[in-house]
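Data block below; observations after.
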Amino acid sequence: MGHMVQQESKIKQFARKNNAFLQKTLEELSQIPAPSHREEKRREYCQRWLEQFGIVSQSDEKGNLVIPYRLKEEKQNLLFIAHMDLVFEDTVPLQIKKEGTIWNCPGIGDNTANVVLMLFLAKFLKEQEPDLEQGILLAIDTCEEGLGNLEGCSALMQRYADKVSGVIAFDLYRDQIYTECIGSVRYKIAVCTPGGHSFADFGETNAVWVLAKLIERLYRYRTQGCTTYNAGVIQGGTSVNTIAPKAEMLFEYRSDSAEELKKCKMYLEECLKEIQKIKDVTIECKIVGERPCMQNADQTKIEMLSEICREEIRKISGICPKKGKASTDCNIPLSIGIPAVCAGFFRGGGAHTMEEWIDISTSEIALEMALSVSCALAGRKKIDK
Ligand SMILES: [Zn+2]
């Protein structure tokens with residue numbers, strides 16, 4: 001027990017001493033663009049940051065950064081992961097606006113703040129060398145967002161699936177913890193017709209009209225349970241006096257159930273077949289993104305991980321995070337039966353919008369929570385047993 005108390009106070013001390021430096025790091029990193037598939041500038045920053053403390057990180061073919069800490073044999077390791085990519089293109093200005101304790105910047109909470117916590121977790125392990133029952137693999141990964149398709153995490157799980165007993169993703173904000181995942185399938189659907197002159201060729205099939213018809217049909221679908229769909233982007237046509245020869249859209253389904261997602265896919269196929277019967281229409285339908293649902297993951301082990309996280313967060317902040325569902329890096333381990341939870345530590349909100357914000361006055365406690373959660377999880381007996 002005495003040992004526990006000592007370790008807790010070391011964490012507190014570390015958080016207090018490093019708080020100003022953490023805020024400075026967050027400020028710097030927030031301003032570096034990192035769209036999915038083009039994260040190299042953020043990766044370089046993180047690598048240099050780690051190097052100044054003599055922390056060696058390895059990068060792989062997907063651009064993930066990995067930092068091992070006392071890795072053990074077989075499945076006696078935990079993977080802590082935070083994605084470095086943002087939903088924003090590199091043309092979006094990433095300037096922090098400060099108002100009181102609120103820092104506003106696109107991507108600041110999803111996921112810059114969590115990447116910074118991961119850096120400081122690496123620094124903590126290097127300086128304090130805590131004795132833990134499990135080995136730790138820290139990863140700052142790429143391509144979590146949107147059409148990044150969880151490619152970074154997929155590559156990591158391919159490499160380390162037989163080494164890790166559980167995965168903890170640092171993502172989003174403090175008041176929720178995600179113990180279930182949402183799978184999705186995303187399509188790019190293009191309608192092509194011969195087109196023509198709006199007056200001279202009137203009566204020829206118009207691609208914009210066909211696409212609108214398709215969308216209307218797709219929106220007649222009655223979903224079951226936690227299943228949704230969305231036509232997110234449409235474009236097409238040539239001019240106001242041209243019968244549109246091409247129109248396309250991005251369309252997605254999301255669900256917490258693999259079976260429901262399958263039904264959605266079948267419904268879409270049916271609709272496409274129907275629409276294809278219209279004169280002179282060709283349709284190209286391409287899957288541009290697919291995120292797996294949960295499959296064969298042990299609910300008891302997920303529960304154990306999430307209870308440890310919630311308890312540490314509650315002890316330190318007085319807040320007991322609610323359990324929720326989301327689409328995160330956890331989809332990948334959960335789809336292959338490895339328990340995973342996703343937690344955030346800063347107070348914040350507005351993910352994926354220009355108005356995204358965090359409360360910087362929660363930074364010290366966020367760091368304390370991230371370190372405590374990590375040590376508590378890795379300090380416990382192998383959760384596989
Ligand atoms: Zn995120």
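Please note that chains go A, B, ... in the order of the structure tokens, that every chain numbers its residues from 1, and that ligands are numbered from 1 in the order shown.
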A:Ala139: which residues within 9 Å, counting only C-alpha atoms, same-chain residues fewer than 2 positions away excluded, as a compact mmCIF listing (two decimals) with N, CA, C and O atoms, in the first residue's frame?
# COMPACT_ATOMS: atom_id res chain seq x y z
N ASN A 64 3.21 5.34 -38.57
CA ASN A 64 2.96 5.29 -37.13
C ASN A 64 4.26 5.45 -36.37
O ASN A 64 5.31 5.02 -36.84
N LEU A 65 4.18 6.05 -35.18
CA LEU A 65 5.34 6.10 -34.28
C LEU A 65 5.08 5.14 -33.14
O LEU A 65 4.01 5.16 -32.52
N VAL A 66 6.06 4.33 -32.82
CA VAL A 66 5.89 3.33 -31.77
C VAL A 66 7.03 3.46 -30.76
O VAL A 66 8.18 3.60 -31.13
N ILE A 67 6.65 3.44 -29.48
CA ILE A 67 7.65 3.51 -28.40
C ILE A 67 7.39 2.36 -27.43
O ILE A 67 6.39 2.35 -26.72
N PRO A 68 8.29 1.36 -27.44
CA PRO A 68 8.08 0.24 -26.53
C PRO A 68 8.64 0.55 -25.15
O PRO A 68 9.65 1.24 -25.02
N LEU A 79 -1.40 -1.90 -25.33
CA LEU A 79 -1.13 -0.88 -26.34
C LEU A 79 -1.90 0.39 -25.99
O LEU A 79 -3.12 0.36 -25.83
N PHE A 80 -1.17 1.49 -25.82
CA PHE A 80 -1.79 2.81 -25.64
C PHE A 80 -1.60 3.55 -26.96
O PHE A 80 -0.48 3.66 -27.45
N ILE A 81 -2.71 4.07 -27.48
CA ILE A 81 -2.62 4.62 -28.84
C ILE A 81 -3.36 5.96 -28.94
O ILE A 81 -4.41 6.14 -28.33
N ALA A 82 -2.78 6.91 -29.67
CA ALA A 82 -3.45 8.20 -29.93
C ALA A 82 -3.19 8.57 -31.39
O ALA A 82 -2.05 8.52 -31.84
N HIS A 83 -4.26 8.93 -32.11
CA HIS A 83 -4.05 9.22 -33.53
C HIS A 83 -3.57 10.66 -33.74
O HIS A 83 -4.03 11.58 -33.07
N MET A 118 0.17 11.52 -24.70
CA MET A 118 0.95 10.33 -25.03
C MET A 118 2.45 10.63 -24.98
O MET A 118 3.24 9.84 -24.46
N LEU A 137 3.25 -0.67 -24.92
CA LEU A 137 3.58 -0.21 -26.25
C LEU A 137 2.82 1.09 -26.45
O LEU A 137 1.60 1.11 -26.39
N ASP A 141 -0.50 7.10 -33.91
CA ASP A 141 -0.77 6.48 -35.21
C ASP A 141 -1.39 7.44 -36.23
O ASP A 141 -1.83 8.54 -35.89
N CYS A 153 -3.86 2.09 -37.32
CA CYS A 153 -4.13 1.12 -36.27
C CYS A 153 -4.20 -0.30 -36.83
O CYS A 153 -3.73 -1.25 -36.20
N LEU A 156 -0.75 -1.60 -37.11
CA LEU A 156 -0.20 -1.91 -35.79
C LEU A 156 -0.79 -3.21 -35.25
O LEU A 156 -0.07 -4.04 -34.68
Sel. of helix (DSSP H, G or I) residues, stretch 141-354 of chain A, as a PDB file with C-alpha atoms, in the first residue's frame:
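Result file result-v5.pdb:
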ATOM      1  CA  GLY A 146     -12.618   9.676 -42.152  1.00  0.00           C
ATOM      2  CA  LEU A 147     -11.209   8.092 -45.242  1.00  0.00           C
ATOM      3  CA  GLY A 148      -7.975   7.329 -43.419  1.00  0.00           C
ATOM      4  CA  GLU A 151      -5.132   2.233 -41.628  1.00  0.00           C
ATOM      5  CA  GLY A 152      -2.539   3.152 -39.020  1.00  0.00           C
ATOM      6  CA  CYS A 153      -4.131   1.116 -36.271  1.00  0.00           C
ATOM      7  CA  SER A 154      -4.816  -1.776 -38.669  1.00  0.00           C
ATOM      8  CA  ALA A 155      -1.115  -2.011 -39.484  1.00  0.00           C
ATOM      9  CA  LEU A 156      -0.205  -1.909 -35.789  1.00  0.00           C
ATOM     10  CA  MET A 157      -2.706  -4.627 -34.908  1.00  0.00           C
ATOM     11  CA  GLN A 158      -1.414  -6.821 -37.711  1.00  0.00           C
ATOM     12  CA  ARG A 159       2.024  -6.549 -36.199  1.00  0.00           C
ATOM     13  CA  TYR A 160       1.183  -6.705 -32.505  1.00  0.00           C
ATOM     14  CA  ALA A 207     -27.385  12.276 -64.119  1.00  0.00           C
ATOM     15  CA  VAL A 208     -28.296  14.790 -61.396  1.00  0.00           C
ATOM     16  CA  TRP A 209     -31.913  13.672 -61.571  1.00  0.00           C
ATOM     17  CA  VAL A 210     -30.870   9.993 -61.387  1.00  0.00           C
ATOM     18  CA  LEU A 211     -28.650  10.609 -58.376  1.00  0.00           C
ATOM     19  CA  ALA A 212     -31.437  12.522 -56.631  1.00  0.00           C
ATOM     20  CA  LYS A 213     -33.764   9.602 -57.308  1.00  0.00           C
ATOM     21  CA  LEU A 214     -31.218   7.197 -55.844  1.00  0.00           C
ATOM     22  CA  ILE A 215     -30.789   9.304 -52.704  1.00  0.00           C
ATOM     23  CA  GLU A 216     -34.543   9.521 -52.249  1.00  0.00           C
ATOM     24  CA  ARG A 217     -34.758   5.727 -52.488  1.00  0.00           C
ATOM     25  CA  LEU A 218     -31.853   5.170 -50.059  1.00  0.00           C
ATOM     26  CA  ALA A 258     -22.212  -6.285 -38.182  1.00  0.00           C
ATOM     27  CA  GLU A 259     -25.456  -7.958 -39.224  1.00  0.00           C
ATOM     28  CA  GLU A 260     -27.331  -4.666 -39.659  1.00  0.00           C
ATOM     29  CA  LEU A 261     -24.492  -3.248 -41.700  1.00  0.00           C
ATOM     30  CA  LYS A 262     -24.750  -6.245 -43.998  1.00  0.00           C
ATOM     31  CA  LYS A 263     -28.485  -5.618 -44.466  1.00  0.00           C
ATOM     32  CA  CYS A 264     -27.776  -1.984 -45.332  1.00  0.00           C
ATOM     33  CA  LYS A 265     -25.272  -3.061 -47.960  1.00  0.00           C
ATOM     34  CA  MET A 266     -27.830  -5.411 -49.491  1.00  0.00           C
ATOM     35  CA  TYR A 267     -30.447  -2.658 -49.574  1.00  0.00           C
ATOM     36  CA  LEU A 268     -28.026  -0.352 -51.369  1.00  0.00           C
ATOM     37  CA  GLU A 269     -27.277  -3.075 -53.942  1.00  0.00           C
ATOM     38  CA  GLU A 270     -31.015  -3.452 -54.582  1.00  0.00           C
ATOM     39  CA  CYS A 271     -31.470   0.298 -55.056  1.00  0.00           C
ATOM     40  CA  LEU A 272     -28.555   0.445 -57.485  1.00  0.00           C
ATOM     41  CA  LYS A 273     -30.030  -2.396 -59.519  1.00  0.00           C
ATOM     42  CA  GLU A 274     -33.360  -0.580 -59.733  1.00  0.00           C
ATOM     43  CA  ILE A 275     -31.795   2.721 -60.758  1.00  0.00           C
ATOM     44  CA  GLN A 276     -29.621   1.061 -63.358  1.00  0.00           C
ATOM     45  CA  GLN A 299     -17.445  -8.155 -22.735  1.00  0.00           C
ATOM     46  CA  THR A 300     -16.080  -8.976 -19.254  1.00  0.00           C
ATOM     47  CA  LYS A 301     -12.551  -7.946 -20.178  1.00  0.00           C
ATOM     48  CA  ILE A 302     -13.763  -4.730 -21.809  1.00  0.00           C
ATOM     49  CA  GLU A 303     -15.731  -4.037 -18.648  1.00  0.00           C
ATOM     50  CA  MET A 304     -12.595  -4.585 -16.524  1.00  0.00           C
ATOM     51  CA  LEU A 305     -10.558  -2.154 -18.600  1.00  0.00           C
ATOM     52  CA  SER A 306     -13.275   0.479 -18.581  1.00  0.00           C
ATOM     53  CA  GLU A 307     -13.906   0.168 -14.820  1.00  0.00           C
ATOM     54  CA  ILE A 308     -10.218   0.750 -14.075  1.00  0.00           C
ATOM     55  CA  CYS A 309     -10.226   3.819 -16.342  1.00  0.00           C
ATOM     56  CA  ARG A 310     -13.424   5.222 -14.881  1.00  0.00           C
ATOM     57  CA  GLU A 311     -12.301   4.643 -11.319  1.00  0.00           C
ATOM     58  CA  GLU A 312      -8.983   6.483 -11.841  1.00  0.00           C
ATOM     59  CA  ILE A 313     -10.722   9.355 -13.635  1.00  0.00           C
ATOM     60  CA  ARG A 314     -13.377   9.567 -10.923  1.00  0.00           C
ATOM     61  CA  LYS A 315     -10.792   9.494  -8.112  1.00  0.00           C
ATOM     62  CA  ILE A 316      -8.835  12.380  -9.582  1.00  0.00           C
ATOM     63  CA  SER A 317     -11.476  14.615 -11.190  1.00  0.00           C
ATOM     64  CA  ASN A 331     -12.773  -0.751 -33.849  1.00  0.00           C
ATOM     65  CA  ILE A 332      -9.750  -2.673 -35.090  1.00  0.00           C
ATOM     66  CA  PRO A 333      -8.817  -4.588 -31.906  1.00  0.00           C
ATOM     67  CA  LEU A 334     -12.513  -5.066 -31.054  1.00  0.00           C
ATOM     68  CA  SER A 335     -13.153  -6.613 -34.467  1.00  0.00           C
TER      69      SER A 335
END
Which protein, DNA or RNA residues have an atom within 12 Å of ligand 1, counting only C-alpha atoms and all ligand atoms, as a PDB file with N, CA, C and O atoms, in the first residue's frame?
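Below is the file part-v2.pdb, written as the result:
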ATOM      1  N   SER A  36      -5.303  13.225 -42.747  1.00  0.00           N
ATOM      2  CA  SER A  36      -5.037  11.793 -42.859  1.00  0.00           C
ATOM      3  C   SER A  36      -4.236  11.512 -44.124  1.00  0.00           C
ATOM      4  O   SER A  36      -4.498  12.112 -45.162  1.00  0.00           O
ATOM      5  N   ILE A  81      -2.705   4.073 -27.481  1.00  0.00           N
ATOM      6  CA  ILE A  81      -2.625   4.617 -28.837  1.00  0.00           C
ATOM      7  C   ILE A  81      -3.361   5.960 -28.945  1.00  0.00           C
ATOM      8  O   ILE A  81      -4.411   6.144 -28.335  1.00  0.00           O
ATOM      9  N   ALA A  82      -2.784   6.909 -29.668  1.00  0.00           N
ATOM     10  CA  ALA A  82      -3.451   8.197 -29.930  1.00  0.00           C
ATOM     11  C   ALA A  82      -3.187   8.573 -31.389  1.00  0.00           C
ATOM     12  O   ALA A  82      -2.045   8.523 -31.845  1.00  0.00           O
ATOM     13  N   HIS A  83      -4.257   8.926 -32.108  1.00  0.00           N
ATOM     14  CA  HIS A  83      -4.052   9.222 -33.534  1.00  0.00           C
ATOM     15  C   HIS A  83      -3.570  10.660 -33.737  1.00  0.00           C
ATOM     16  O   HIS A  83      -4.027  11.584 -33.072  1.00  0.00           O
ATOM     17  N   MET A  84      -2.648  10.824 -34.687  1.00  0.00           N
ATOM     18  CA  MET A  84      -2.075  12.158 -34.918  1.00  0.00           C
ATOM     19  C   MET A  84      -2.795  12.903 -36.040  1.00  0.00           C
ATOM     20  O   MET A  84      -2.609  14.106 -36.203  1.00  0.00           O
ATOM     21  N   ASP A  85      -3.650  12.234 -36.842  1.00  0.00           N
ATOM     22  CA  ASP A  85      -4.274  12.939 -37.965  1.00  0.00           C
ATOM     23  C   ASP A  85      -5.507  13.723 -37.536  1.00  0.00           C
ATOM     24  O   ASP A  85      -6.119  13.456 -36.509  1.00  0.00           O
ATOM     25  N   LEU A  86      -5.821  14.732 -38.364  1.00  0.00           N
ATOM     26  CA  LEU A  86      -6.987  15.597 -38.140  1.00  0.00           C
ATOM     27  C   LEU A  86      -7.950  15.437 -39.303  1.00  0.00           C
ATOM     28  O   LEU A  86      -7.556  15.026 -40.382  1.00  0.00           O
ATOM     29  N   VAL A  87      -9.215  15.829 -39.093  1.00  0.00           N
ATOM     30  CA  VAL A  87     -10.172  15.798 -40.213  1.00  0.00           C
ATOM     31  C   VAL A  87      -9.968  16.979 -41.158  1.00  0.00           C
ATOM     32  O   VAL A  87     -10.565  17.023 -42.217  1.00  0.00           O
ATOM     33  N   PHE A  88      -9.130  17.924 -40.772  1.00  0.00           N
ATOM     34  CA  PHE A  88      -9.014  19.170 -41.546  1.00  0.00           C
ATOM     35  C   PHE A  88      -7.883  19.118 -42.569  1.00  0.00           C
ATOM     36  O   PHE A  88      -6.808  18.616 -42.299  1.00  0.00           O
ATOM     37  N   PRO A 106      -9.283  24.136 -34.462  1.00  0.00           N
ATOM     38  CA  PRO A 106      -9.718  22.873 -35.057  1.00  0.00           C
ATOM     39  C   PRO A 106      -8.734  21.748 -34.721  1.00  0.00           C
ATOM     40  O   PRO A 106      -7.527  21.921 -34.871  1.00  0.00           O
ATOM     41  N   GLY A 107      -9.249  20.635 -34.251  1.00  0.00           N
ATOM     42  CA  GLY A 107      -8.403  19.468 -33.962  1.00  0.00           C
ATOM     43  C   GLY A 107      -7.750  19.457 -32.591  1.00  0.00           C
ATOM     44  O   GLY A 107      -7.055  18.508 -32.227  1.00  0.00           O
ATOM     45  N   ILE A 108      -7.984  20.504 -31.790  1.00  0.00           N
ATOM     46  CA  ILE A 108      -7.212  20.626 -30.541  1.00  0.00           C
ATOM     47  C   ILE A 108      -7.510  19.505 -29.544  1.00  0.00           C
ATOM     48  O   ILE A 108      -6.618  19.033 -28.829  1.00  0.00           O
ATOM     49  N   GLY A 109      -8.785  19.053 -29.522  1.00  0.00           N
ATOM     50  CA  GLY A 109      -9.106  17.974 -28.590  1.00  0.00           C
ATOM     51  C   GLY A 109      -9.124  16.614 -29.281  1.00  0.00           C
ATOM     52  O   GLY A 109      -8.866  15.582 -28.669  1.00  0.00           O
ATOM     53  N   ASP A 110      -9.413  16.638 -30.560  1.00  0.00           N
ATOM     54  CA  ASP A 110      -9.491  15.419 -31.372  1.00  0.00           C
ATOM     55  C   ASP A 110      -8.505  15.525 -32.509  1.00  0.00           C
ATOM     56  O   ASP A 110      -8.859  15.926 -33.587  1.00  0.00           O
ATOM     57  N   ASN A 111      -7.191  15.337 -32.300  1.00  0.00           N
ATOM     58  CA  ASN A 111      -6.768  14.567 -31.158  1.00  0.00           C
ATOM     59  C   ASN A 111      -5.456  15.097 -30.583  1.00  0.00           C
ATOM     60  O   ASN A 111      -4.714  14.372 -29.930  1.00  0.00           O
ATOM     61  N   THR A 112      -5.183  16.406 -30.878  1.00  0.00           N
ATOM     62  CA  THR A 112      -3.872  16.947 -30.519  1.00  0.00           C
ATOM     63  C   THR A 112      -3.575  16.811 -29.026  1.00  0.00           C
ATOM     64  O   THR A 112      -2.491  16.368 -28.636  1.00  0.00           O
ATOM     65  N   ALA A 113      -4.544  17.174 -28.196  1.00  0.00           N
ATOM     66  CA  ALA A 113      -4.309  17.137 -26.747  1.00  0.00           C
ATOM     67  C   ALA A 113      -3.964  15.724 -26.282  1.00  0.00           C
ATOM     68  O   ALA A 113      -3.112  15.531 -25.403  1.00  0.00           O
ATOM     69  N   ASN A 114      -4.588  14.726 -26.881  1.00  0.00           N
ATOM     70  CA  ASN A 114      -4.322  13.348 -26.482  1.00  0.00           C
ATOM     71  C   ASN A 114      -2.966  12.847 -26.973  1.00  0.00           C
ATOM     72  O   ASN A 114      -2.326  12.040 -26.313  1.00  0.00           O
ATOM     73  N   VAL A 115      -2.533  13.354 -28.134  1.00  0.00           N
ATOM     74  CA  VAL A 115      -1.189  13.020 -28.610  1.00  0.00           C
ATOM     75  C   VAL A 115      -0.154  13.601 -27.643  1.00  0.00           C
ATOM     76  O   VAL A 115       0.826  12.942 -27.288  1.00  0.00           O
ATOM     77  N   ILE A 140       1.651   6.494 -31.562  1.00  0.00           N
ATOM     78  CA  ILE A 140       0.988   7.683 -32.098  1.00  0.00           C
ATOM     79  C   ILE A 140       0.770   7.328 -33.565  1.00  0.00           C
ATOM     80  O   ILE A 140       1.730   7.205 -34.331  1.00  0.00           O
ATOM     81  N   ASP A 141      -0.504   7.099 -33.913  1.00  0.00           N
ATOM     82  CA  ASP A 141      -0.767   6.482 -35.215  1.00  0.00           C
ATOM     83  C   ASP A 141      -1.394   7.437 -36.225  1.00  0.00           C
ATOM     84  O   ASP A 141      -1.827   8.541 -35.892  1.00  0.00           O
ATOM     85  N   THR A 142      -1.451   6.984 -37.461  1.00  0.00           N
ATOM     86  CA  THR A 142      -1.932   7.799 -38.578  1.00  0.00           C
ATOM     87  C   THR A 142      -3.304   7.294 -39.048  1.00  0.00           C
ATOM     88  O   THR A 142      -3.746   6.211 -38.659  1.00  0.00           O
ATOM     89  N   CYS A 143      -3.950   8.100 -39.889  1.00  0.00           N
ATOM     90  CA  CYS A 143      -5.116   7.649 -40.666  1.00  0.00           C
ATOM     91  C   CYS A 143      -6.263   7.086 -39.847  1.00  0.00           C
ATOM     92  O   CYS A 143      -6.872   6.099 -40.218  1.00  0.00           O
ATOM     93  N   GLU A 144      -6.579   7.731 -38.717  1.00  0.00           N
ATOM     94  CA  GLU A 144      -7.743   7.288 -37.950  1.00  0.00           C
ATOM     95  C   GLU A 144      -9.015   7.909 -38.502  1.00  0.00           C
ATOM     96  O   GLU A 144     -10.074   7.281 -38.545  1.00  0.00           O
ATOM     97  N   GLU A 145      -8.911   9.158 -38.923  1.00  0.00           N
ATOM     98  CA  GLU A 145     -10.102   9.923 -39.296  1.00  0.00           C
ATOM     99  C   GLU A 145     -10.637   9.551 -40.679  1.00  0.00           C
ATOM    100  O   GLU A 145      -9.877   9.177 -41.576  1.00  0.00           O
ATOM    101  N   GLY A 146     -11.927   9.735 -40.864  1.00  0.00           N
ATOM    102  CA  GLY A 146     -12.618   9.676 -42.152  1.00  0.00           C
ATOM    103  C   GLY A 146     -12.099   8.606 -43.084  1.00  0.00           C
ATOM    104  O   GLY A 146     -12.092   7.422 -42.743  1.00  0.00           O
ATOM    105  N   GLY A 148      -9.224   7.956 -43.869  1.00  0.00           N
ATOM    106  CA  GLY A 148      -7.975   7.329 -43.419  1.00  0.00           C
ATOM    107  C   GLY A 148      -8.236   5.875 -43.070  1.00  0.00           C
ATOM    108  O   GLY A 148      -7.324   5.046 -43.085  1.00  0.00           O
ATOM    109  N   LEU A 150      -8.734   4.010 -40.526  1.00  0.00           N
ATOM    110  CA  LEU A 150      -8.059   3.284 -39.448  1.00  0.00           C
ATOM    111  C   LEU A 150      -6.848   2.486 -39.949  1.00  0.00           C
ATOM    112  O   LEU A 150      -6.484   1.472 -39.372  1.00  0.00           O
ATOM    113  N   ALA A 169      -7.272   3.564 -26.310  1.00  0.00           N
ATOM    114  CA  ALA A 169      -7.101   4.699 -27.211  1.00  0.00           C
ATOM    115  C   ALA A 169      -7.339   5.975 -26.432  1.00  0.00           C
ATOM    116  O   ALA A 169      -8.336   6.097 -25.719  1.00  0.00           O
ATOM    117  N   PHE A 170      -6.397   6.926 -26.533  1.00  0.00           N
ATOM    118  CA  PHE A 170      -6.605   8.274 -25.996  1.00  0.00           C
ATOM    119  C   PHE A 170      -7.258   9.074 -27.114  1.00  0.00           C
ATOM    120  O   PHE A 170      -6.626   9.372 -28.123  1.00  0.00           O
ATOM    121  N   ASP A 171      -8.524   9.436 -26.931  1.00  0.00           N
ATOM    122  CA  ASP A 171      -9.227  10.153 -27.992  1.00  0.00           C
ATOM    123  C   ASP A 171     -10.401  10.916 -27.383  1.00  0.00           C
ATOM    124  O   ASP A 171     -10.966  10.503 -26.378  1.00  0.00           O
ATOM    125  N   LEU A 172     -10.744  12.025 -27.984  1.00  0.00           N
ATOM    126  CA  LEU A 172     -11.876  12.861 -27.566  1.00  0.00           C
ATOM    127  C   LEU A 172     -11.720  13.390 -26.134  1.00  0.00           C
ATOM    128  O   LEU A 172     -10.595  13.610 -25.697  1.00  0.00           O
ATOM    129  N   TYR A 173     -12.834  13.585 -25.420  1.00  0.00           N
ATOM    130  CA  TYR A 173     -12.801  14.397 -24.200  1.00  0.00           C
ATOM    131  C   TYR A 173     -13.070  13.585 -22.926  1.00  0.00           C
ATOM    132  O   TYR A 173     -13.368  12.404 -22.976  1.00  0.00           O
ATOM    133  N   TYR A 178     -15.558   5.192 -24.177  1.00  0.00           N
ATOM    134  CA  TYR A 178     -16.237   4.421 -25.214  1.00  0.00           C
ATOM    135  C   TYR A 178     -15.876   2.949 -25.091  1.00  0.00           C
ATOM    136  O   TYR A 178     -14.712   2.574 -25.217  1.00  0.00           O
ATOM    137  N   ALA A 326     -18.630   4.765 -30.149  1.00  0.00           N
ATOM    138  CA  ALA A 326     -18.000   5.662 -31.116  1.00  0.00           C
ATOM    139  C   ALA A 326     -17.222   4.852 -32.139  1.00  0.00           C
ATOM    140  O   ALA A 326     -17.049   3.640 -31.987  1.00  0.00           O
ATOM    141  N   SER A 327     -16.766   5.543 -33.147  1.00  0.00           N
ATOM    142  CA  SER A 327     -15.925   4.911 -34.155  1.00  0.00           C
ATOM    143  C   SER A 327     -14.517   5.442 -33.951  1.00  0.00           C
ATOM    144  O   SER A 327     -14.234   6.601 -34.212  1.00  0.00           O
ATOM    145  N   THR A 328     -13.635   4.615 -33.432  1.00  0.00           N
ATOM    146  CA  THR A 328     -12.270   5.042 -33.110  1.00  0.00           C
ATOM    147  C   THR A 328     -11.293   3.932 -33.504  1.00  0.00           C
ATOM    148  O   THR A 328     -11.706   2.901 -34.022  1.00  0.00           O
ATOM    149  N   ASP A 329     -10.032   4.147 -33.167  1.00  0.00           N
ATOM    150  CA  ASP A 329      -9.024   3.109 -33.383  1.00  0.00           C
ATOM    151  C   ASP A 329      -9.429   1.792 -32.722  1.00  0.00           C
ATOM    152  O   ASP A 329      -8.998   0.719 -33.150  1.00  0.00           O
ATOM    153  N   CYS A 330     -10.259   1.851 -31.679  1.00  0.00           N
ATOM    154  CA  CYS A 330     -10.671   0.634 -30.963  1.00  0.00           C
ATOM    155  C   CYS A 330     -11.441  -0.341 -31.854  1.00  0.00           C
ATOM    156  O   CYS A 330     -11.501  -1.533 -31.549  1.00  0.00           O
ATOM    157  N   CYS A 342     -11.809   3.436 -25.221  1.00  0.00           N
ATOM    158  CA  CYS A 342     -11.328   4.740 -25.664  1.00  0.00           C
ATOM    159  C   CYS A 342     -11.693   5.771 -24.610  1.00  0.00           C
ATOM    160  O   CYS A 342     -12.846   5.842 -24.182  1.00  0.00           O
ATOM    161  N   ALA A 343     -10.710   6.543 -24.169  1.00  0.00           N
ATOM    162  CA  ALA A 343     -10.971   7.550 -23.137  1.00  0.00           C
ATOM    163  C   ALA A 343     -10.276   8.853 -23.493  1.00  0.00           C
ATOM    164  O   ALA A 343      -9.245   8.861 -24.162  1.00  0.00           O
ATOM    165  N   GLY A 344     -10.862   9.966 -23.028  1.00  0.00           N
ATOM    166  CA  GLY A 344     -10.230  11.275 -23.190  1.00  0.00           C
ATOM    167  C   GLY A 344     -10.024  11.890 -21.820  1.00  0.00           C
ATOM    168  O   GLY A 344     -10.571  11.394 -20.828  1.00  0.00           O
ATOM    169  N   GLY A 349     -14.949  20.065 -26.351  1.00  0.00           N
ATOM    170  CA  GLY A 349     -16.099  19.734 -27.188  1.00  0.00           C
ATOM    171  C   GLY A 349     -15.925  20.260 -28.608  1.00  0.00           C
ATOM    172  O   GLY A 349     -14.928  20.909 -28.931  1.00  0.00           O
ATOM    173  N   GLY A 350     -16.906  19.951 -29.464  1.00  0.00           N
ATOM    174  CA  GLY A 350     -16.918  20.477 -30.834  1.00  0.00           C
ATOM    175  C   GLY A 350     -16.030  19.732 -31.811  1.00  0.00           C
ATOM    176  O   GLY A 350     -15.580  20.327 -32.798  1.00  0.00           O
ATOM    177  N   ALA A 351     -15.798  18.440 -31.566  1.00  0.00           N
ATOM    178  CA  ALA A 351     -14.934  17.662 -32.457  1.00  0.00           C
ATOM    179  C   ALA A 351     -15.380  17.797 -33.912  1.00  0.00           C
ATOM    180  O   ALA A 351     -16.566  17.858 -34.194  1.00  0.00           O
ATOM    181  N   HIS A 352     -14.424  17.855 -34.816  1.00  0.00           N
ATOM    182  CA  HIS A 352     -14.630  17.926 -36.262  1.00  0.00           C
ATOM    183  C   HIS A 352     -15.263  19.254 -36.720  1.00  0.00           C
ATOM    184  O   HIS A 352     -15.750  19.350 -37.833  1.00  0.00           O
TER     185      HIS A 352
END
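Interatomic distance, atom CA of A:Ile168 against atom CA of A:Thr353: 24.6 Å.
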Straight-line distance linking atom CA of A:Lys12 with atom CA of A:Arg42, stated in Å to one decimal: 27.9 Å
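Residues in contact range of A:Ser184, defined as at most 8 Å between only C-alpha atoms, with sequence neighbours fewer than 5 positions away removed, read Glu252, Tyr253, Arg254, Ser255, Leu261, Gly289, Glu290, Arg291, Pro292 and Cys293 of chain A.
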Backbone DSSP call of strand (DSSP E) for stretch 24-257 of chain A, listed as an MDAnalysis selection string: chainID A and resid 58:59 65:69 77:83 97:99 102:104 135:141 164:170 176:181 183:192 196:197 227:236 242:243 246:255
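Proximity of A:Ser239, A:Ser257, A:Gln134, A:Gln224 to A:Cys181, computed with only C-alpha atoms, is greatest for A:Ser257.
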